[in-house]
Amino acid sequence: MVYPLQDRYINLLTDFGFKRVFGTEPNKLLPIDFLNALLPQHHRIKDLTFKNTENLGNTPIDRKAIFDIYCEAENGQRFIVEIQKVKQKFFKDRSLYYASFPIQEQAQKGEWNYQLEAVYTVGVLDFIFDEHEDEEQLLHQVKLKDQDCRVFYDKLTFFYIELPKFTKTLEELESQFDKWLFLLRHLSKLNHPPELLEEPVFNQLFEVAEIANFSRTEQDSYLNSLKYYRDLNNAIDTSREEGWEKGREVGREEGREEGREEGREEGRQEGREEGRQEGVIEGQRALLLRQLSRKLGELPEAVQQQVYQLSAVLLDELSKVLFDLTTVEELEAWLKEHVG
């Protein structure tokens with residue numbers, strides 16, 4: 001079988017590519033190096049183990065949290081590493097909710113003094129926060145602080161990386177963090193390992209990420225993951241254009257009614273945001289149904305209706321487990337577990 005792609009290396013922003021490089025025990029030196037490029041010197045890690053990426057709540061009514069990567073350092077620190085391809089209305093809420101699972105699982109039976117190990121959430125974002133669009137800063141480190149902006153609790157940290165803001169060329173790379181961001185954005189466009197990146201950790205990355213080393217099953221899984229990623233990007237671009245048009249229309253209508261510039265601007269902004277959000281969600285539903293039908297065969301009407309009713313968060317979680325499903329029955333079980 002001839003692989004139908006001419007790329008030599010995988011796209012790290014696909015679900016398959018991200019998990020293959022950062023989420024497997026044989027390749028754990030790669031996430032260790034990536035995380036150490038983010039962490040302060042006194043919190044650097046030497047080793048880690050991977051934990052179950054599917055976490056249950058404490059009661060039957062609690063929803064599951066499905067992480068891209070969940071690991072624990074040798075000193076007990078927990079790390080959630082997520083790649084987020086599209087904006088979500090309550091993305092920050094979701095980050096906090098996910099971080100609560102590695103906190104709660106540290107609870108001990110019997111007498112316990114409530115001492116916790118540090119928890120880090122790392123979000124690799126393929127978008128820019130609306131409130132940061134006019135800023136050059138691409139790495140945001142968030143901690144719990146008091147009214148005087150002093151750190152109140154230093155064991156819960158969120159790192160958000162706005163990847164589209166990274167525009168450095170190969171010659172402009174300075175730090176290890178720069179090198180990782182460059183590879184996250186451009187690995188699939190490279191034909192060979194650049195001389196600047198010839199060091200042990202990246203040599204391993206290039207070997208792991210080379211498509212020619214994949215089995216036939218891995219090639220098929222990667223191709224499906226890449227197609228989903230590309231289709232989702234196309235849906236986002238389309239929804240953005242539709243959102244702009246809707247925003248202009250809403251702005252004109254509110255401008256007529258209110259006769260004020262503030263009304264027109266508010267309408268344009270609200271319409272753009274609503275149009276983007278609605279378009280992305282509808283596009284994601286359609287893409288997931290196509291991918292599920294391609295993988296599992298024709299889906300019953302009832303199953304299709306359940307997928308159409310999924311929230312943005314559950315659509316994202318279904319996309320994470322999509323390539324692990326092998327039968328319609330497994331999909332029905334997943335839907336029953338998450339939406340009843």
# chains A, B, ... in the order shown; residues from 1 in each chain; ligands from 1
call {"tool": "residues_around", "arguments": {"residues": "A:Leu183", "least_positions_apart": "6", "cutoff": "12 Å", "atoms": "only C-alpha atoms", "output": "VMD selection string"}}
result
chain A and resid 9 to 13 17 to 18 21 34 163 166 to 170 173 176 to 177 189 to 190 193 to 194 196 to 197 202 205 to 206 209
call {"tool": "residues_around", "arguments": {"residues": "A:Leu288", "least_positions_apart": "2", "cutoff": "9 Å", "atoms": "only C-alpha atoms", "output": "PDB file with C-alpha atoms, in the first residue's frame"}}
result
ATOM      1  CA  TYR A 228     -10.506  15.584  10.357  1.00  0.00           C
ATOM      2  CA  GLY A 283     -19.239  22.034  11.160  1.00  0.00           C
ATOM      3  CA  GLN A 284     -17.747  19.867  13.911  1.00  0.00           C
ATOM      4  CA  ARG A 285     -20.960  17.826  14.177  1.00  0.00           C
ATOM      5  CA  ALA A 286     -21.046  17.234  10.434  1.00  0.00           C
ATOM      6  CA  ARG A 290     -18.791  11.756   8.328  1.00  0.00           C
ATOM      7  CA  GLN A 291     -15.780  10.338  10.144  1.00  0.00           C
ATOM      8  CA  LEU A 292     -17.940   7.959  12.197  1.00  0.00           C
ATOM      9  CA  SER A 293     -19.806   6.755   9.112  1.00  0.00           C
ATOM     10  CA  VAL A 307     -24.566  13.226  17.905  1.00  0.00           C
ATOM     11  CA  LEU A 315     -18.229  16.918  20.596  1.00  0.00           C
ATOM     12  CA  LEU A 318     -16.011  12.343  21.119  1.00  0.00           C
ATOM     13  CA  SER A 319     -13.381  13.513  18.629  1.00  0.00           C
ATOM     14  CA  LEU A 322     -13.210   8.632  17.648  1.00  0.00           C
TER      15      LEU A 322
END
call {"tool": "residues_around", "arguments": {"residues": "A:Thr49", "least_positions_apart": "3", "cutoff": "9 Å", "atoms": "only C-alpha atoms", "output": "PyMOL selection string"}}
result
chain A and resi 25+28+70-74
call {"tool": "select_by_dssp", "arguments": {"residues": "stretch 62-168 of chain A", "states": "helix (DSSP H, G or I)", "output": "number ranges by chain"}}
result
A: 91-104, 130-132, 163-165
call {"tool": "write_last_selection", "arguments": {"atoms": "N, CA and C atoms", "output": "short mmCIF file (atom, residue, chain, number, x, y, z; two decimals), in the first residue's frame"}}
result
data_model
loop_
_atom_site.label_atom_id
_atom_site.label_comp_id
_atom_site.auth_asym_id
_atom_site.auth_seq_id
_atom_site.Cartn_x
_atom_site.Cartn_y
_atom_site.Cartn_z
N PHE A 91 -14.13 27.57 27.53
CA PHE A 91 -12.88 26.83 27.51
C PHE A 91 -12.11 26.96 28.83
N LYS A 92 -12.09 28.16 29.40
CA LYS A 92 -11.37 28.36 30.66
C LYS A 92 -12.05 27.60 31.80
N ASP A 93 -13.38 27.59 31.80
CA ASP A 93 -14.11 26.80 32.79
C ASP A 93 -13.75 25.33 32.66
N ARG A 94 -13.68 24.87 31.43
CA ARG A 94 -13.34 23.47 31.19
C ARG A 94 -11.94 23.15 31.70
N SER A 95 -10.99 24.05 31.49
CA SER A 95 -9.63 23.84 31.98
C SER A 95 -9.61 23.67 33.49
N LEU A 96 -10.38 24.52 34.17
CA LEU A 96 -10.43 24.44 35.63
C LEU A 96 -11.10 23.15 36.07
N TYR A 97 -12.16 22.76 35.38
CA TYR A 97 -12.86 21.52 35.71
C TYR A 97 -11.94 20.32 35.53
N TYR A 98 -11.20 20.29 34.45
CA TYR A 98 -10.27 19.18 34.21
C TYR A 98 -9.19 19.13 35.30
N ALA A 99 -8.72 20.32 35.71
CA ALA A 99 -7.66 20.36 36.72
C ALA A 99 -8.15 19.83 38.07
N SER A 100 -9.47 19.83 38.28
CA SER A 100 -10.00 19.37 39.56
C SER A 100 -9.84 17.86 39.74
N PHE A 101 -9.75 17.10 38.65
CA PHE A 101 -9.63 15.65 38.77
C PHE A 101 -8.30 15.20 39.38
N PRO A 102 -7.15 15.68 38.85
CA PRO A 102 -5.89 15.29 39.50
C PRO A 102 -5.74 15.85 40.91
N ILE A 103 -6.51 16.87 41.27
CA ILE A 103 -6.51 17.35 42.65
C ILE A 103 -7.28 16.38 43.53
N GLN A 104 -8.49 16.02 43.09
CA GLN A 104 -9.34 15.15 43.91
C GLN A 104 -8.76 13.74 44.08
N ASP A 130 -9.63 35.94 22.40
CA ASP A 130 -10.13 37.23 21.90
C ASP A 130 -9.48 38.40 22.62
N GLU A 131 -9.32 38.27 23.95
CA GLU A 131 -8.79 39.39 24.72
C GLU A 131 -7.29 39.60 24.53
N HIS A 132 -6.63 38.67 23.82
CA HIS A 132 -5.19 38.79 23.61
C HIS A 132 -4.81 39.00 22.14
N LEU A 163 -0.49 29.27 19.80
CA LEU A 163 0.46 28.86 18.77
C LEU A 163 0.45 29.72 17.51
N PRO A 164 -0.70 30.23 17.04
CA PRO A 164 -0.68 31.06 15.83
C PRO A 164 0.20 32.31 15.95
N LYS A 165 0.49 32.74 17.17
CA LYS A 165 1.34 33.92 17.34
C LYS A 165 2.82 33.62 17.13
#
call {"tool": "atom_distance", "arguments": {"atom1": "atom CA of A:His140", "atom2": "atom CA of A:Gly123"}}
result
9.8 Å
call {"tool": "residues_around", "arguments": {"residues": "A:Phe127", "least_positions_apart": "5", "cutoff": "10 Å", "atoms": "only C-alpha atoms", "output": "list of chain:residue names"}}
result
A:Gln84, A:Lys85, A:Val86, A:Lys87, A:Glu133, A:Ile161, A:Glu162, A:Leu163, A:Pro164, A:Lys165
call {"tool": "write_last_selection", "arguments": {"atoms": "C-alpha atoms", "output": "mmCIF file, in the first residue's frame"}}
result
data_model
loop_
_atom_site.group_PDB
_atom_site.id
_atom_site.type_symbol
_atom_site.label_atom_id
_atom_site.label_comp_id
_atom_site.auth_asym_id
_atom_site.auth_seq_id
_atom_site.Cartn_x
_atom_site.Cartn_y
_atom_site.Cartn_z
ATOM 1 C CA GLN A 84 -7.266 22.650 21.584
ATOM 2 C CA LYS A 85 -8.030 23.214 17.917
ATOM 3 C CA VAL A 86 -11.037 25.543 18.139
ATOM 4 C CA LYS A 87 -12.352 28.188 20.507
ATOM 5 C CA GLU A 133 -5.531 39.355 19.867
ATOM 6 C CA ILE A 161 0.279 28.668 24.415
ATOM 7 C CA GLU A 162 -1.321 30.667 21.578
ATOM 8 C CA LEU A 163 0.459 28.857 18.774
ATOM 9 C CA PRO A 164 -0.675 31.062 15.834
ATOM 10 C CA LYS A 165 1.337 33.919 17.343
#
call {"tool": "closest_residue", "arguments": {"among": "A:Leu138, A:Leu226, A:Ile66, A:Ala37", "to": "A:Glu317", "atoms": "only C-alpha atoms"}}
result
A:Ile66
call {"tool": "atom_distance", "arguments": {"atom1": "atom CA of A:Glu332", "atom2": "atom CA of A:Ser311"}}
result
16.5 Å
call {"tool": "residues_around", "arguments": {"residues": "A:Phe159", "least_positions_apart": "6", "cutoff": "9 Å", "atoms": "only C-alpha atoms", "output": "list of chain:residue names"}}
result
A:Leu38, A:Tyr120, A:Thr121, A:Val122, A:Gly123, A:Val124, A:Leu139, A:His140, A:Gln141, A:Val142
